[in-house]
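Novice: Coordinates in coords.txt, compact mmCIF, C-alpha atoms, are listed below.
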```
# COMPACT_ATOMS: atom_id res chain seq x y z
CA MET A 274 -13.89 71.75 33.08
CA PRO A 275 -14.39 72.81 29.45
CA ARG A 276 -16.69 70.67 27.32
CA PRO A 277 -14.88 68.76 24.59
CA GLY A 278 -15.10 70.80 21.39
CA SER A 279 -17.11 69.59 18.40
CA ALA A 280 -13.88 69.00 16.47
CA GLN A 281 -12.59 66.74 19.22
CA ARG A 282 -15.87 64.85 19.36
CA TRP A 283 -15.82 64.41 15.61
CA ALA A 284 -12.21 63.19 15.75
CA SER A 285 -12.97 60.66 18.50
CA ALA A 286 -16.02 59.41 16.59
CA VAL A 287 -13.92 58.97 13.45
CA GLY A 288 -11.29 57.18 15.53
CA ARG A 289 -13.87 54.78 16.98
CA TRP A 290 -15.47 53.96 13.67
CA GLY A 291 -12.08 53.65 12.03
CA CYS A 292 -11.08 51.05 14.63
CA ARG A 293 -14.29 49.12 14.13
CA LEU A 294 -13.90 49.16 10.36
CA LEU A 295 -10.34 47.92 10.71
CA ALA A 296 -11.49 45.16 13.07
CA LEU A 297 -14.20 44.12 10.60
CA LEU A 298 -11.68 44.00 7.77
CA LEU A 299 -9.33 41.89 9.89
CA LEU A 300 -12.18 39.52 10.70
CA LEU A 301 -12.93 39.11 7.00
CA LEU A 302 -9.25 38.53 6.30
CA LEU A 303 -9.19 35.84 8.99
CA LEU A 304 -12.00 34.04 7.21
CA LEU A 305 -10.32 34.19 3.81
CA VAL A 306 -6.70 33.51 4.65
CA PRO A 307 -5.88 29.86 5.51
CA GLY A 308 -5.25 29.47 9.21
CA PRO A 309 -1.77 29.17 10.71
CA GLY A 310 -0.35 25.71 10.26
CA GLY A 311 2.31 23.94 12.18
CA ALA A 312 4.72 21.08 12.06
CA SER A 313 4.45 17.56 13.42
CA GLU A 314 7.71 15.76 14.03
CA ILE A 315 7.25 12.17 15.11
CA THR A 316 9.54 9.16 15.48
CA PHE A 317 7.68 5.89 15.72
CA GLU A 318 8.29 2.17 15.62
CA LEU A 319 7.06 0.23 12.63
CA PRO A 320 6.94 -3.51 13.33
CA ASP A 321 7.65 -6.04 10.56
CA ASN A 322 4.82 -6.61 8.09
CA ALA A 323 3.07 -3.52 9.41
CA LYS A 324 1.72 -0.37 7.86
CA GLN A 325 1.13 2.87 9.72
CA CYS A 326 -0.98 5.71 8.32
CA PHE A 327 -1.31 9.29 9.46
CA TYR A 328 -3.99 11.75 8.44
CA GLU A 329 -4.28 15.52 8.49
CA ASP A 330 -6.98 17.96 7.46
CA ILE A 331 -5.45 20.56 5.17
CA ALA A 332 -7.02 23.66 3.65
CA GLN A 333 -6.70 24.37 -0.05
CA GLY A 334 -3.65 26.35 -1.12
CA THR A 335 -1.51 25.40 1.86
CA LYS A 336 2.07 24.52 1.04
CA CYS A 337 3.07 21.32 2.84
CA THR A 338 6.29 19.36 3.14
CA LEU A 339 6.71 15.74 4.14
CA GLU A 340 10.19 14.59 5.05
CA PHE A 341 11.04 11.14 6.39
CA GLN A 342 14.07 9.09 7.34
CA VAL A 343 14.54 5.55 8.56
CA ILE A 344 16.72 5.47 11.66
CA THR A 345 17.16 1.82 12.65
CA GLY A 346 16.31 -1.58 11.25
CA GLY A 347 17.32 -3.92 8.45
CA HIS A 348 18.39 -2.09 5.31
CA TYR A 349 17.10 1.20 6.70
CA ASP A 350 14.38 1.54 4.07
CA VAL A 351 10.62 1.90 4.05
CA ASP A 352 7.76 2.34 1.54
CA CYS A 353 6.00 5.69 1.66
CA ARG A 354 2.80 6.82 0.02
CA LEU A 355 0.91 10.14 0.16
CA GLU A 356 -2.70 10.48 -1.01
CA ASP A 357 -5.03 13.45 -1.41
CA PRO A 358 -8.67 13.47 -0.16
CA ASP A 359 -9.90 11.78 -3.37
CA GLY A 360 -7.43 8.95 -3.04
CA LYS A 361 -5.18 10.17 -5.82
CA VAL A 362 -1.57 9.23 -5.11
CA LEU A 363 0.62 12.31 -4.91
CA TYR A 364 3.81 10.56 -3.89
CA LYS A 365 4.76 6.91 -3.88
CA GLU A 366 8.23 5.47 -3.32
CA MET A 367 9.31 1.96 -2.43
CA LYS A 368 12.24 1.09 -0.19
CA LYS A 369 13.50 4.59 0.33
CA GLN A 370 15.91 5.53 3.12
CA TYR A 371 15.31 9.23 3.14
CA ASP A 372 13.22 11.64 1.10
CA SER A 373 11.55 15.03 1.14
CA PHE A 374 8.40 15.93 -0.78
CA THR A 375 6.75 19.38 -1.08
CA PHE A 376 3.27 19.91 -2.45
CA THR A 377 0.51 22.51 -2.41
CA ALA A 378 -2.89 21.25 -1.34
CA SER A 379 -5.17 21.49 -4.37
CA LYS A 380 -8.35 20.84 -2.39
CA ASN A 381 -9.70 20.93 1.13
CA GLY A 382 -9.87 17.63 2.93
CA THR A 383 -8.03 14.89 4.70
CA TYR A 384 -4.64 14.00 3.31
CA LYS A 385 -3.24 10.61 4.20
CA PHE A 386 0.32 9.34 4.23
CA CYS A 387 1.39 5.80 5.03
CA PHE A 388 4.65 4.06 5.83
CA SER A 389 4.83 0.39 5.08
CA ASN A 390 7.25 -2.29 6.27
CA GLU A 391 5.26 -5.11 4.67
CA PHE A 392 8.19 -6.26 2.56
CA SER A 393 10.23 -7.09 5.64
CA THR A 394 9.69 -10.38 7.43
CA PHE A 395 11.48 -9.91 10.71
CA THR A 396 13.11 -6.52 11.07
CA HIS A 397 11.17 -3.75 12.69
CA LYS A 398 12.08 -0.22 11.77
CA THR A 399 12.16 3.15 13.49
CA VAL A 400 10.94 5.89 11.17
CA TYR A 401 11.16 9.64 11.68
CA PHE A 402 8.97 12.05 9.75
CA ASP A 403 8.39 15.78 9.76
CA PHE A 404 5.14 17.02 8.25
CA GLN A 405 5.08 20.78 7.86
CA VAL A 406 1.69 22.31 7.04
CA GLY A 407 1.67 25.98 6.03
CA GLU A 408 3.70 28.47 7.98
CA ASP A 409 4.46 28.31 11.67
CA PRO A 410 2.03 30.36 13.75
CA PRO A 411 3.44 33.85 14.45
CA LEU A 412 4.43 34.78 17.98
CA PHE A 413 1.74 37.42 18.14
CA PRO A 414 -1.42 36.41 16.28
CA SER A 415 -2.57 39.97 15.64
CA GLU A 416 0.47 42.21 15.63
CA ASN A 417 1.85 41.23 12.23
CA ARG A 418 -1.29 42.37 10.52
CA VAL A 419 -1.96 45.57 12.43
CA SER A 420 1.34 47.39 11.99
CA ALA A 421 4.63 46.99 10.18
CA LEU A 422 7.58 45.64 12.16
CA THR A 423 10.29 47.91 13.44
CA GLN A 424 13.87 47.24 12.43
CA MET A 425 14.62 45.52 15.71
CA GLU A 426 11.60 43.26 15.33
CA SER A 427 12.55 42.44 11.73
CA ALA A 428 16.06 41.56 12.89
CA CYS A 429 14.57 39.29 15.57
CA VAL A 430 12.38 37.60 12.97
CA SER A 431 15.32 36.89 10.66
CA ILE A 432 17.42 35.56 13.54
CA HIS A 433 14.49 33.34 14.51
CA GLU A 434 14.24 31.93 10.99
CA ALA A 435 17.99 31.31 10.87
CA LEU A 436 17.91 29.52 14.23
CA LYS A 437 15.00 27.41 13.03
CA SER A 438 17.10 26.22 10.13
CA VAL A 439 20.03 25.52 12.51
CA ILE A 440 17.74 23.36 14.62
CA ASP A 441 16.54 21.63 11.46
CA TYR A 442 20.12 20.83 10.40
CA GLN A 443 20.88 19.60 13.92
CA THR A 444 17.92 17.24 13.72
CA HIS A 445 19.12 15.83 10.41
CA PHE A 446 22.61 15.43 11.80
CA ARG A 447 21.27 13.66 14.88
CA LEU A 448 19.25 11.26 12.71
CA ARG A 449 22.20 10.43 10.48
CA GLU A 450 24.40 9.93 13.52
CA ALA A 451 21.77 7.64 15.09
CA GLN A 452 21.65 5.64 11.88
CA GLY A 453 25.46 5.39 11.74
CA ARG A 454 25.65 4.40 15.39
CA SER A 455 22.99 1.73 14.89
CA ARG A 456 25.03 0.26 12.02
CA ALA A 457 28.24 0.36 14.09
CA GLU A 458 26.59 -1.43 17.00
CA ASP A 459 25.21 -4.08 14.62
CA LEU A 460 28.67 -4.55 13.17
CA ASN A 461 30.22 -4.87 16.61
CA THR A 462 27.77 -7.60 17.64
CA ARG A 463 28.21 -9.41 14.35
CA VAL A 464 32.02 -9.35 14.63
CA ALA A 465 31.80 -10.77 18.15
CA TYR A 466 29.45 -13.65 17.39
CA CYS A 467 30.38 -14.52 13.83
CA SER A 468 34.10 -14.58 14.46
CA LEU A 469 33.59 -16.89 17.44
CA GLY A 470 31.41 -19.21 15.40
CA TRP A 471 33.82 -19.19 12.46
CA GLU A 472 36.71 -19.94 14.77
CA VAL A 473 35.00 -22.99 16.23
CA GLN A 474 33.87 -24.24 12.84
CA GLU A 475 37.23 -23.85 11.08
CA HIS A 476 39.58 -25.18 13.69
CA GLY A 477 37.21 -27.75 15.04
CA ALA A 478 37.22 -29.37 11.61
CA ASN A 479 40.99 -29.09 11.42
CA ILE A 480 41.62 -30.68 14.76
CA TRP A 481 39.11 -33.46 14.15
CA MET B 212 -4.19 33.78 26.18
CA ALA B 213 -3.48 34.51 22.53
CA ALA B 214 -7.19 34.86 21.92
CA GLU B 215 -7.56 37.44 24.67
CA HIS B 216 -4.78 39.54 23.19
CA TRP B 217 -6.50 39.32 19.81
CA LEU B 218 -9.79 40.37 21.36
CA MET B 219 -8.24 43.36 23.09
CA VAL B 220 -6.89 44.62 19.79
CA ALA B 221 -10.04 44.08 17.79
CA GLY B 222 -12.73 45.22 20.22
CA PRO B 223 -11.99 48.72 21.41
CA GLY B 224 -15.50 49.76 22.44
CA ARG B 225 -16.10 48.06 25.75
CA GLY B 226 -19.71 48.86 26.33
CA THR B 227 -20.88 49.28 22.78
CA GLY B 228 -22.95 46.58 21.09
CA LEU B 229 -20.69 46.36 18.08
CA GLY B 230 -17.65 45.63 20.24
CA ARG B 231 -19.46 42.80 21.97
CA VAL B 232 -20.69 41.33 18.69
CA MET B 233 -17.15 41.48 17.35
CA ARG B 234 -15.79 39.71 20.36
CA THR B 235 -18.45 37.01 20.27
CA LEU B 236 -17.77 36.39 16.58
CA LEU B 237 -14.06 36.14 17.19
CA VAL B 238 -14.51 33.76 20.12
CA LEU B 239 -16.77 31.55 17.98
CA LEU B 240 -14.25 31.62 15.15
CA TRP B 241 -11.41 30.69 17.47
CA LEU B 242 -13.40 27.85 19.01
CA ALA B 243 -14.63 26.53 15.67
CA ALA B 244 -11.18 26.23 14.18
CA PRO B 245 -10.09 22.63 14.75
CA GLY B 246 -6.66 21.87 16.19
CA SER B 247 -4.19 21.31 13.37
CA ALA B 248 -2.94 18.03 14.82
CA LEU B 249 -2.05 14.90 12.96
CA TYR B 250 -4.24 11.87 13.69
CA PHE B 251 -3.99 8.11 13.35
CA HIS B 252 -6.11 5.08 14.16
CA ILE B 253 -5.47 2.72 17.01
CA GLY B 254 -7.06 -0.65 17.69
CA GLU B 255 -8.59 -1.62 21.01
CA THR B 256 -5.69 -3.51 22.54
CA GLU B 257 -3.04 -1.91 20.37
CA LYS B 258 -0.18 0.00 21.89
CA LYS B 259 1.45 2.75 19.87
CA CYS B 260 4.91 3.92 20.80
CA PHE B 261 6.72 7.07 19.84
CA ILE B 262 10.36 7.84 20.40
CA GLU B 263 11.84 11.18 21.32
CA GLU B 264 15.60 11.44 21.31
CA ILE B 265 16.26 14.46 23.48
CA PRO B 266 19.06 16.05 25.52
CA ASP B 267 18.62 16.29 29.28
CA GLU B 268 16.52 18.92 31.07
CA THR B 269 14.23 19.21 28.06
CA MET B 270 10.49 19.58 28.51
CA VAL B 271 8.12 17.57 26.35
CA ILE B 272 4.40 18.34 26.15
CA GLY B 273 1.97 15.98 24.45
CA ASN B 274 -1.64 16.81 23.64
CA TYR B 275 -4.07 14.22 22.43
CA ARG B 276 -7.76 14.03 21.62
CA THR B 277 -9.70 10.85 20.87
CA GLN B 278 -12.74 10.15 18.73
CA LEU B 279 -14.69 6.92 18.49
CA TYR B 280 -16.29 5.61 15.32
CA ASP B 281 -20.08 5.72 15.61
CA LYS B 282 -21.48 2.97 13.37
CA GLN B 283 -24.99 4.38 13.26
CA ARG B 284 -23.95 7.81 12.10
CA GLU B 285 -20.94 6.38 10.22
CA GLU B 286 -18.64 9.07 11.43
CA TYR B 287 -16.25 9.80 14.21
CA GLN B 288 -17.78 11.32 17.33
CA PRO B 289 -15.97 12.61 20.40
CA ALA B 290 -15.29 9.56 22.55
CA THR B 291 -17.42 8.63 25.56
CA PRO B 292 -16.18 10.06 28.87
CA GLY B 293 -15.37 6.63 30.27
CA LEU B 294 -12.87 5.88 27.54
CA GLY B 295 -9.40 7.04 28.35
CA MET B 296 -5.84 6.58 27.25
CA PHE B 297 -3.04 5.16 29.31
CA VAL B 298 0.20 7.04 28.76
CA GLU B 299 3.53 5.52 29.72
CA VAL B 300 6.88 7.24 29.31
CA LYS B 301 10.18 5.42 29.69
CA ASP B 302 13.61 7.01 29.91
CA PRO B 303 16.71 5.75 28.02
CA GLU B 304 17.45 3.27 30.84
CA ASP B 305 13.95 1.75 30.48
CA LYS B 306 12.85 3.24 33.76
CA VAL B 307 9.23 4.42 33.81
CA ILE B 308 9.07 8.16 34.47
CA LEU B 309 5.37 8.69 33.76
CA ALA B 310 2.58 6.13 33.88
CA ARG B 311 -0.82 7.73 34.13
CA GLN B 312 -4.28 7.38 32.80
CA TYR B 313 -5.95 10.36 31.20
CA GLY B 314 -9.46 10.92 29.89
CA SER B 315 -10.57 10.96 26.29
CA GLU B 316 -8.73 14.26 25.91
CA GLY B 317 -5.50 14.83 27.74
CA ARG B 318 -2.22 16.58 28.04
CA PHE B 319 0.91 14.98 29.46
CA THR B 320 4.18 16.67 30.34
CA PHE B 321 7.54 15.37 31.38
CA THR B 322 11.08 16.69 31.63
CA SER B 323 14.02 14.49 30.72
CA HIS B 324 16.76 14.04 33.31
CA THR B 325 19.04 11.86 31.23
CA PRO B 326 19.83 12.44 27.57
CA GLY B 327 18.72 9.78 25.14
CA GLU B 328 15.80 7.97 23.61
CA HIS B 329 12.62 8.38 25.58
CA GLN B 330 9.71 6.19 24.64
CA ILE B 331 6.12 7.44 24.86
CA CYS B 332 3.52 4.66 24.65
CA LEU B 333 -0.23 5.09 24.36
CA HIS B 334 -2.96 2.53 24.60
CA SER B 335 -6.64 2.75 25.37
CA ASN B 336 -7.93 1.62 28.74
CA SER B 337 -11.09 0.11 27.29
CA THR B 338 -12.23 -3.04 29.06
CA LYS B 339 -15.60 -3.36 27.35
CA PHE B 340 -14.64 -5.00 24.09
CA SER B 341 -17.96 -4.19 22.53
CA LEU B 342 -17.35 -0.47 22.93
CA PHE B 343 -15.11 -0.30 19.91
CA ALA B 344 -17.49 -2.57 17.96
CA GLY B 345 -14.71 -3.71 15.71
CA GLY B 346 -13.85 -0.16 14.80
CA MET B 347 -10.88 1.97 15.55
CA LEU B 348 -10.21 4.85 17.85
CA ARG B 349 -9.03 8.02 16.17
CA VAL B 350 -6.29 9.75 18.15
CA HIS B 351 -5.19 13.31 17.37
CA LEU B 352 -1.67 13.73 18.68
CA ASP B 353 0.65 16.67 18.99
CA ILE B 354 4.03 16.41 20.70
CA GLN B 355 6.05 19.56 21.35
CA VAL B 356 9.65 19.35 22.47
CA GLY B 357 11.97 21.89 24.08
CA GLU B 358 11.51 25.45 22.90
CA HIS B 359 8.31 24.61 20.98
CA ALA B 360 6.71 23.57 24.28
CA ASN B 361 6.89 27.10 25.65
CA ASP B 362 3.68 29.08 25.89
CA TYR B 363 4.92 32.56 25.01
CA ALA B 364 1.66 34.29 25.78
CA GLU B 365 1.88 32.96 29.33
CA ILE B 366 5.54 33.95 29.66
CA ALA B 367 4.76 37.46 28.41
CA ALA B 368 1.94 37.84 30.89
CA LYS B 369 3.89 36.44 33.83
CA ASP B 370 7.09 38.45 33.30
CA LYS B 371 5.32 41.43 31.79
CA LEU B 372 7.44 41.52 28.66
CA SER B 373 7.03 43.91 25.79
CA GLU B 374 6.79 42.50 22.27
CA LEU B 375 10.44 43.03 21.53
CA GLN B 376 11.46 41.48 24.85
CA LEU B 377 9.31 38.45 24.12
CA ARG B 378 10.92 37.99 20.72
CA VAL B 379 14.37 38.18 22.27
CA ARG B 380 13.28 35.69 24.94
CA GLN B 381 12.19 33.30 22.20
CA LEU B 382 15.60 33.63 20.56
CA VAL B 383 17.33 32.96 23.88
CA GLU B 384 15.25 29.80 24.38
CA GLN B 385 16.06 28.61 20.88
CA VAL B 386 19.77 29.16 21.36
CA GLU B 387 19.66 27.28 24.68
CA GLN B 388 18.03 24.38 22.94
CA ILE B 389 20.73 24.39 20.27
CA GLN B 390 23.42 24.39 22.96
CA LYS B 391 21.82 21.45 24.77
CA GLU B 392 21.57 19.51 21.54
CA GLN B 393 25.25 20.20 20.78
CA ASN B 394 26.28 18.92 24.20
CA TYR B 395 24.20 15.82 23.68
CA GLN B 396 25.81 15.39 20.28
CA ARG B 397 29.25 15.40 21.89
CA TRP B 398 28.17 12.67 24.33
CA ARG B 399 26.74 10.55 21.52
CA GLU B 400 29.80 10.95 19.36
CA GLU B 401 31.91 9.67 22.24
CA ARG B 402 29.69 6.60 22.54
CA PHE B 403 29.91 6.02 18.80
CA ARG B 404 33.68 6.32 18.93
CA GLN B 405 33.84 3.81 21.81
CA THR B 406 31.73 1.33 19.84
CA SER B 407 33.93 1.73 16.77
CA GLU B 408 37.12 1.35 18.79
CA SER B 409 35.73 -1.75 20.46
CA THR B 410 34.93 -3.22 17.05
CA ASN B 411 38.41 -2.34 15.86
CA GLN B 412 40.00 -4.01 18.90
CA ARG B 413 37.92 -7.13 18.49
CA VAL B 414 38.84 -7.47 14.82
CA LEU B 415 42.53 -6.92 15.63
CA TRP B 416 42.67 -9.48 18.44
CA TRP B 417 40.62 -11.93 16.45
CA SER B 418 43.00 -11.82 13.50
CA ILE B 419 46.07 -12.17 15.77
CA LEU B 420 44.45 -15.10 17.57
CA GLN B 421 43.48 -16.63 14.24
CA THR B 422 47.11 -16.45 13.02
CA LEU B 423 48.47 -17.96 16.23
CA ILE B 424 45.95 -20.80 16.20
CA LEU B 425 46.67 -21.55 12.56
CA VAL B 426 50.40 -21.64 13.23
CA ALA B 427 49.91 -23.84 16.30
CA ILE B 428 47.66 -26.24 14.41
CA GLY B 429 50.12 -26.31 11.53
CA VAL B 430 53.01 -27.20 13.85
CA TRP B 431 50.94 -29.84 15.64
CA GLN B 432 49.84 -31.42 12.34
CA MET B 433 53.43 -31.54 11.09
CA ARG B 434 54.58 -33.26 14.27
CA HIS B 435 51.66 -35.69 14.18
CA LEU B 436 52.30 -36.59 10.54
CA LYS B 437 56.05 -36.95 11.16
CA SER B 438 55.48 -39.39 14.01
CA PHE B 439 52.89 -41.23 11.88
CA PHE B 440 55.31 -41.67 8.98
CA GLU B 441 58.12 -42.72 11.32
CA ALA B 442 55.85 -45.29 12.89
CA LYS B 443 54.95 -46.61 9.45
CA LYS B 444 58.66 -46.76 8.61
CA LEU B 445 58.20 -44.57 5.50
CA VAL B 446 60.84 -42.05 6.53
```
Would you give me this structure, written as structure tokens?
Specialist:
Amino acid sequence: MPRPGSAQRWASAVGRWGCRLLALLLLLLLLLVPGPGGASEITFELPDNAKQCFYEDIAQGTKCTLEFQVITGGHYDVDCRLEDPDGKVLYKEMKKQYDSFTFTASKNGTYKFCFSNEFSTFTHKTVYFDFQVGEDPPLFPSENRVSALTQMESACVSIHEALKSVIDYQTHFRLREAQGRSRAEDLNTRVAYCSLGWEVQEHGANIW
Amino acid sequence: MAAEHWLMVAGPGRGTGLGRVMRTLLVLLWLAAPGSALYFHIGETEKKCFIEEIPDETMVIGNYRTQLYDKQREEYQPATPGLGMFVEVKDPEDKVILARQYGSEGRFTFTSHTPGEHQICLHSNSTKFSLFAGGMLRVHLDIQVGEHANDYAEIAAKDKLSELQLRVRQLVEQVEQIQKEQNYQRWREERFRQTSESTNQRVLWWSILQTLILVAIGVWQMRHLKSFFEAKKLV
């Protein structure tokens, strides 16, 4: 078996060191670039006179979006407040039914957002919120950075993004429908009981 | 799984020292990065409930991690092993489909068999009231529903899929989720329509009844007054 020529040895050495250099560069990139984020979508119950706070550690420079909607309860409104790690209020709205707020984290630390139902004395509310931090993690943690995507892969990525927005619209539609249905059921109950009571009161007086 | 793939790409030299150093560094980096989950505080006897409105045959995976406030160090430490969380999941008909106790760190999974609002409730199983020492328990929670619950690295390994095949599989899962949601939407719209029609019927019958009663009372009053006046010899 012929010995590998010096040119081949040189080429393989270059290849090895090239790979290591690339790996080192990627490692440095990993340290500098903010990590992949994610989204938290939660629907929770907020009892009357209660306040519920959520916290998340966010790296500087990450673009975040907070979106919330009240699904059931009373006048379908809630107070919302978002604070940065120093306690500075980034967003504050009272008695809002639905809102969306986008911000870029100006410093590292724990961001806090609270929903308050303290203005309500006896209605408990169901609140939905979607807190998106940074970009969604890619399907392959390494592949996007090592090589460019082929046309097929790019097409898959754009279909994926489009489907994500379809799912997002579906969620909003579902929430609005839930809200509408909750109102309709309230109305139905009210018509049943109030009309009965009114009937008795009106005609009872008449007959008497 | 994702970390192993990453390591295979970045550390080509198996036996060489540099490859091993690289891999160790990467493993440390991956371990050091905290989970990007949201957290909230829960009191000792408090029960926190979350609602997931989902179509049927949808998988839900919840991951949580707890930390207890340490008064001496004035910070949150990983909770003691004895402290756990009790997780209870109820389906739309209020039937309990999962009621289990997990440790200070846990992962619960369930699949819905009826479409609708499922309720996930968490409370701590602490019996020693002094354990919390008036503080709160910090709970990191992450709930993934439907397509987001899939572990693609595991699917790729199990079915031996290429990158492109995995991407297409992800798209297929997403589209299936959209279809399920649309079906559920149809079912809900029907319920909404039934409620509205019931309200409509009730209002209609109520107003007809109201008219009839008013007419009947009117006629009765007229007759009563007529007989009264006749008795009093005014007519």
Novice: One decimal, in Å: what's the spacing between CA of Ala465 in chain A and CA of Val351 in chain A?
Specialist: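 CA of Val351 in chain A lies at a distance of 28.4 Å from CA of Ala465 in chain A.
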Novice: Would you compute the distance between CA of Lys369 in chain A and CA of Arg447 in chain A? Give it in Å to one decimal.
Specialist: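 Separation of CA of Lys369 in chain A and CA of Arg447 in chain A: 18.8 Å.
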Novice: With a distance cut-off of 8 Å and all atoms listed in the file, select the neighbouring residues of Tyr275 in chain B, excluding the residue or stretch itself and same-chain residues fewer than 5 positions from it, and output the selection as a list in words.
Specialist: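 In the requested format, the answer is Glu316, Gly317, Arg318, Val350, His351, Leu352 and Asp353 of chain B.
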Novice: Mind checking which residues fall within 9 Å of range 423-427 of chain A, counting all atoms listed in the file, ignoring those fewer than 6 positions away in the same chain, and posting them as a PDB file with C-alpha atoms, keeping the file's coordinate frame?
Specialist:
```pdb
ATOM      1  CA  GLU B 374       6.790  42.500  22.270  1.00  0.00           C
ATOM      2  CA  LEU B 375      10.440  43.030  21.530  1.00  0.00           C
ATOM      3  CA  ARG B 378      10.920  37.990  20.720  1.00  0.00           C
TER       4      ARG B 378
END
```
Novice: Within 7 Å of chain B, which residues of chain A show up? Give each one with its shortest atom-to-atom distance in Å (one decimal) and the two atoms involved, counting all atoms listed in the file, rows by chain then rising residue number, as a tab-separated table.
Specialist:
```
residue	atom	partner	partner_atom	distance
A:Ala296	CA	B:Ala221	CA	5.1
A:Gly310	CA	B:Ser247	CA	6.6
A:Ser313	CA	B:Asp353	CA	6.8
A:Ile315	CA	B:Phe261	CA	7.0
A:Thr316	CA	B:Ile262	CA	5.2
A:Phe317	CA	B:Phe261	CA	4.4
A:Glu318	CA	B:Cys260	CA	6.4
A:Cys326	CA	B:Phe251	CA	6.3
A:Phe327	CA	B:Phe251	CA	4.9
A:Tyr328	CA	B:Tyr250	CA	5.3
A:Glu329	CA	B:Leu249	CA	5.0
A:Pro414	CA	B:Trp217	CA	6.8
A:Ser415	CA	B:Trp217	CA	5.8
A:Glu426	CA	B:Leu375	CA	6.3
A:Cys429	CA	B:Arg378	CA	6.4
A:His433	CA	B:Leu382	CA	6.2
A:Leu436	CA	B:Gln385	CA	7.0
A:Ile440	CA	B:Ile389	CA	6.5
A:Arg454	CA	B:Phe403	CA	5.7
A:Ala457	CA	B:Ser407	CA	6.4
A:Glu458	CA	B:Thr406	CA	6.5
A:Asn461	CA	B:Thr410	CA	5.0
```
Novice: Find the residue from A:Lys385, A:His445, A:Lys324, A:Arg289 that sits nearest to Gly360 in chain A; use all atoms listed in the file when measuring.
Specialist: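 Checking each of A:Lys385, A:His445, A:Lys324, A:Arg289 against Gly360 in chain A, counting all atoms listed in the file, the winner is A:Lys385.
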Novice: Tell me which of A:Thr396, A:Gln452, A:Asn479, A:Thr377 sits closest to Ala332 in chain A, counting all atoms listed in the file.
Specialist: A:Thr377
Novice: In Å to one decimal, how far is CA of Pro411 in chain A from CA of Ala378 in chain A?
Specialist: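 Taking CA of Ala378 in chain A and CA of Pro411 in chain A, their separation equals 21.2 Å.
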Novice: Compile the contact shell of Tyr287 in chain B as an MDAnalysis selection string: residues with an atom at most 8 Å away, counting all atoms listed in the file, same-chain residues fewer than 4 positions apart removed.
Specialist: chainID B and resid 278:281 349
Novice: Within 12 Å of Lys361 in chain A, counting only C-alpha atoms, which residues qualify if same-chain residues fewer than 2 places away don't, as a ChimeraX atom specification?
Specialist: /A:354-359,363-365,379-380,383-386
Novice: What's the 9 Å shell around Gly293 in chain B, counting all atoms listed in the file, without same-chain residues fewer than 6 positions away, as a PyMOL selection string?
Specialist: chain B and resi 314-315+337
Novice: Write the residues you've just listed into a file as a PDB file, in the frame of the given file, and include C-alpha atoms for each of them.
Specialist:
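Everything below was put into result-v1.pdb:
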```pdb
ATOM      1  CA  GLY B 314      -9.460  10.920  29.890  1.00  0.00           C
ATOM      2  CA  SER B 315     -10.570  10.960  26.290  1.00  0.00           C
ATOM      3  CA  SER B 337     -11.090   0.110  27.290  1.00  0.00           C
TER       4      SER B 337
END
```
Novice: Using all atoms listed in the file, can you tell me which of B:Ser323, B:Asn274, B:Asp267, B:Leu348 comes closest to Thr291 in chain B?
Specialist: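 The closest residue to Thr291 in chain B is B:Leu348.
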